[in-house]
Amino acid sequence: MRRNDNYLPVPGEEKNLDVDFNTTTRRNESIPMKSLYGDDGSPLSPRLGPYFSDGRRRVDYVLAYQIQKPNSIRRQSSRFGETNFIRRLRRSLSMRSSRAPLQPKEDPEIAAQDHRTDYHEDDKRFRREEFEENLLETGLELEKDEGTKIPGIGFLKIHAPWNVLCREAEFMKLKMPTKKFYDVKQGSNVVEKIRLFIHKVTAPLHPKVDANRPQSIKSLSHPFSREKQHLFDLSDRDKFFDSKTRSSIVYEVLKRTRCTRAKYSMGITSLLANGVYTSAYPLHDGDIEGVNAEPNDRKLLYEEWASYSVFYKYQPIGLIRKYFGEKVGLYFAWLGVYTQMLIPAAIVGVIVFLYGCATVDDNIPSMEICDARNNITMCPLCDRACSYWKLVTACGTARASHLFDNPATVFFSIFMALWAVLFMEHWKRRQMRLNYIWDLTGFGEEEEDHNRAEYEFRVMQKTLKKEHATPKDEKVKLTCTDRLPAYLTTVVVMCFLITVTFAMVFGVILYRISIKAALHMSTYPAARSNIRATVKTTAAIINLIIIIVLDEIYAAIARWLTTLEVPKTEKSFEERLIFKTFILKFVNAFTPIVYLAFFRGRLVGRPGNYLYVVGSYRMEECAHAGCLMELCIQLCITMLGKQLIQNNLFEIGIPKLKKLLRKRKSDLDSKQEEELNKSMQRHEKDHFLGPFVGLSPEYMEMIIQFGMVTLFVASFPLAPLFALLNNIIEIRLDAKKFVMELRRPIAVKAKDIGIWYNLLRGLSKVAVIVNAFVISFTSDFIPRLVYQYMYSPDGSMHGFINHTLSYFNVTDFTPGTEPLQPMHLGYKVEMCRYKDYREPPWSSTPYELSKEFWAILAARLAFVIVFQNVVMLMSDFVDWLIPDIPKDISLQIHKEKIMMVELFMKEEQGKRLAARDNHNQDNCTSPSSANESPPQPRSRPVSHTNCY
C-alpha cells in the first residue's frame, strides 16, 4: 500500500467466505503477506478464529475505522496545507467528546455515524496510511479487512512477530518465567498453619483451573532480555507470550508510534480521539457456546467464574489475571476478600438483631410506653391541624426501635470498627501474596504513563501561539496558569452541586412536614390511621429516586470537569475523576442519612416557642423512641434500592434492552442471525460488544456500599447481611459482563488498588467517629445509663419514660397555634407532655433547660471521647500486631533474590570458562599461526595443555 494509491472500499454484501482464496486476498490486503499457500501449492483456507487470512499468524490487536459507502465517490483532497489541516483537526477534535481517549464510551458504530463528515474523510485516510506505514517500520504485520459483514466499518488486523515481541518485552521490562523452578515452602507460624488448614477444608470450593500445575512449585522470573534468551524456556514460542501479553505489547507500540503531519504528532490515543479510528481492542480468545467452541481461557472463565451455578465457589483469580491483566485481577481479588469478610460481620449483625427481637418484651421503656394505664397526654405534633394524642399510640414504633437500639448495638459498633481494620490488614496481606505470585514485587508504574491526546493537542495549540516567542530548545507544557480557569470552574461547580444536594434534602424535609400536616387534616380514616409510617416510607423512596438520578448527573459532570483540567497522563486523569465523583456521590448518598442522624429533632424548640422554617411549618420532631428507627428505614431503603436498581437492574436491564433494540432494528430473523454469527470472524463479533470503560464504576458502588456498612452500622445491624447477598450476585454479574458483554480490556499491570485503598482507610477511620456520635446522640443509650445510675430510685429503668418527658401548660400556646379540636380525646387538657429535658411551668425558670439535660450532654460527650480513643487504640494495636507482609512471602522473596544472584553468577562463571576454553583452543590449534610464522626458540620448557 502506497500513500498516493487510490482504493475503493469493498461493500460488505459482496463478501463471501466460500469464494476462492485469490479473491479473499484481494479484499483482505495483508502487509506484508507471508506464506498464503501450503507446501503442495494449494491455497490455505482462512480460519474463522483470530488469525490472518493465512490461518497461521494470530491477530493480536484490531483497529476499526469508518469507510465510505459503496455508492459514494472518494475524492482526493486538493488542499492539504498546514493551515487547512490544523483548522480541520481543531474542528474534528472539538466535535468529539474526550470522555475515553482509548475507547469511546458510546457504541463505536453510533460514534462513527455521528462523526461521518465527508469534508475531512481524505485527511483521516491519509493519516491512517501514514500511521500504518510507521507501524510497518516498527516490524508489526498488518492485514486490512474492508469486506466485512458490518457495512461501513473496516478493520486493520495487527500481528506482532517474534522479534517484535522480544524487543518490546525487553523494552517494557516484562518479567517472564525462566527455566529455573524451585519449591515454595509454606509458612511455619500459627497464622500460616491456620490458613493452610482452611485451604484444605475448603478445597471443594476452589474452581477447577490449573489442575495440572502443582501449587508448591514456582518458576523463577526475570525481566526478559534478548541477550539472555537461553535462561527462558523458548521450546514453544507460540505459548511463551500469551494473548494478554501480546496485546499489551502491541498497544504499547501503537501508543508510541507517531503519525506526524503539520507540527502535530499523534499516537493511537490521538487518532482515536479525532475519529481517524473509531475503536481499538484486543480480541477474545474464542467462542463460549456452540459446537465450534474450542477449549480456551474465555470458555473456562465462563464455566468456572461467570456462571451463577458456581456462586458458592472461590474465584479463579489466577486465570482472571492471566486473561484480563493484573488491574482487573486485583479488583476481583479485592471484591472477593471484601465479600468473604462480610460473612462474619453478617453473622454477628443477625445475632444482634435477634437479640433485639428476643429482648423486646423485657424492655422496660417500651413496656411503659405501651402501658395504657399511664394515660400520658402528649402535645400536638403540628400547629392547629394536630391535636393532643396518647403516648400509648407510639407503642409499635417504640417496640420496633428496640430492635435496633439496644445495648448490643454498642458492642456491634466496636466490632465493626475492628472488623474494618482486620479487613484492611487482610487485604494488604492478600495483596502482597498476589504480588509475589504474579511477580510484581519490583514493579513500578512510572514507565507506563503516556501523555493523553487532549494534553498533546493543548500543548500543540500553545506551541502555535508562542512559536515565535519561545526558544526552539525550550519544551512547551501546560502550567497551573493555563489550567487556572478550569480549576476555578471545578471549585465553583462542585460547591454548586453540593448546594443542590442540600437543597434536595431540604425539599424532602418540606415534603415530610407538609404531607404530615395534610394527612392530619384529612377526613379519611385510612389516611389518618398510620401517618408516621406513610410519611417515613414515601420520603425515603423519594430520597432514593433523587439519589439515583443525581448520581448519573454527577458522574457526567465530574468527567466534564476533569476533562476541562486537561490532566497530563491517564493515571492523573483517573485519580482526579475518582476523587470528584466520590465526593459528589458520597455527599449525595449520605446527606439525608446525616440529617436524620444528627440534625432532625435537635432544632425544634418547644411548645409555645417552636422554630419555623417556611411560613407556619415548624421543624420536624423525632418520634418518642428517637430518630434511630427513621434512620434505619432511610438507610435500609437507600442501600437496598441502590443495590437492586442502580447496581443490578441497570447493569442487567440496560444491556439486554440495547440487545433487544438492536435485534428489532435488524431485518434478520433468529435463524439468519445465528447463521451470520457463525460466519463472522472474531474481530467482527467483538466489534458488537460494548467497550470497556474502566473499573471506576465498579469500585465506586462498592466503596459507597462499604460506607453504608460501616458508617451507620449502629442503626442498622443487618447492613452487612444485605451487602453480602448483593455482592454474591455482583461478583457473578460482573464476571458475566466481562466475559460475555464487553470487549477484552487492555491488560494493565498494577501492584495495588491505588487511590481506592486510601478512600477505604479514610472511611474506616470516619466510621469510628460517626458510630460514636450515633450511639451517643441519636440513640437513647446514654440517657438510659444516666437515668439508671443517677436518677433511678431503685437502680432499674422503671420511670425512665416519665423522666424524659417535660410538662407544658396549654395556656402558654402562642396565639393561633393551639389545636382546632382541643376536645379530641374527650376531655379538656390542661397539661401536655413533650420529649425534652426542661423545667416545668411551675418552676422559677419555666421551660429552661434542666440540670438533667446538661448531665446527659456531658455524659454523651464523654462517651464519644472514650469510645473513639478506645476503638482507635484497639485498631492501631491490631494494625501493629498483624504484619503487612506475610512472613513466608518475605522469606520467599529473599530466597528468589538469592537464587537469581546464584543463577547469574553461574552464568557468568560458565561464560568465563567457555571464553577460557576458546582462548586455550585458539592457542593450541591455530592453523594460521602455524603457517605464517615458524616456531620460535623458547628459553624455558613449554607447559603441556590438553586441547579437546
# chains A, B, ... in the order shown; residues from 1 in each chain; ligands from 1
call {"tool": "residues_around", "arguments": {"residues": "segment 754-757 of chain A", "least_positions_apart": "3", "cutoff": "8 Å", "atoms": "only C-alpha atoms", "output": "NGL selection string"}}
result
:A and (575 or 699 or 703 or 760-761)
call {"tool": "residues_around", "arguments": {"residues": "Ser219 of chain A", "least_positions_apart": "4", "cutoff": "12 Å", "atoms": "only C-alpha atoms", "output": "number ranges by chain"}}
result
A: 175-184, 213-215, 231-233, 436-439, 896, 899-900
call {"tool": "select_by_dssp", "arguments": {"residues": "segment 569-782 of chain A", "states": "strand (DSSP E)", "output": "PyMOL selection string"}}
result
chain A and resi 605-606+609-610+612-614+617-618
call {"tool": "select_by_dssp", "arguments": {"residues": "segment 104-337 of chain A", "states": "alpha helix (DSSP H)", "output": "ChimeraX atom specification"}}
result
/A:108-114,121-137,162-171,190-201,237-240,243-256,268-273,297-304,317-324,326-337
call {"tool": "residues_around", "arguments": {"residues": "segment 706-708 of chain A", "least_positions_apart": "3", "cutoff": "9 Å", "atoms": "only C-alpha atoms", "output": "PyMOL selection string"}}
result
chain A and resi 586+590+635+639+701-703+711-713+719-720+723+760+763-764+767
call {"tool": "closest_atom_pairs", "arguments": {"of": "segment 542-642 of chain A", "to": "segment 680-695 of chain A", "cutoff": "12 Å", "atoms": "only C-alpha atoms", "output": "CSV"}}
result
residue,atom,partner,partner_atom,distance
A:Glu570,CA,A:Gly694,CA,11.4
A:Lys571,CA,A:Gly694,CA,11.9
A:Glu574,CA,A:Gly694,CA,9.3
A:Leu577,CA,A:Gly694,CA,11.8
A:Ile578,CA,A:Leu695,CA,10.5
call {"tool": "residues_around", "arguments": {"residues": "segment 352-363 of chain A", "least_positions_apart": "6", "cutoff": "8 Å", "atoms": "only C-alpha atoms", "output": "list in words"}}
result
Arg399, His402, Leu403, Phe404, Asp405, Asn406, Ala408, Thr409, Phe412, Pro717 and Leu718 of chain A
call {"tool": "closest_residue", "arguments": {"among": "A:Gly329, A:Gly152, A:Gly267, A:Pro50", "to": "Ala747 of chain A", "atoms": "only C-alpha atoms"}}
result
A:Gly329
call {"tool": "atom_distance", "arguments": {"atom1": "atom CA of Glu132 of chain A", "atom2": "atom CA of Ser679 of chain A"}}
result
27.7 Å
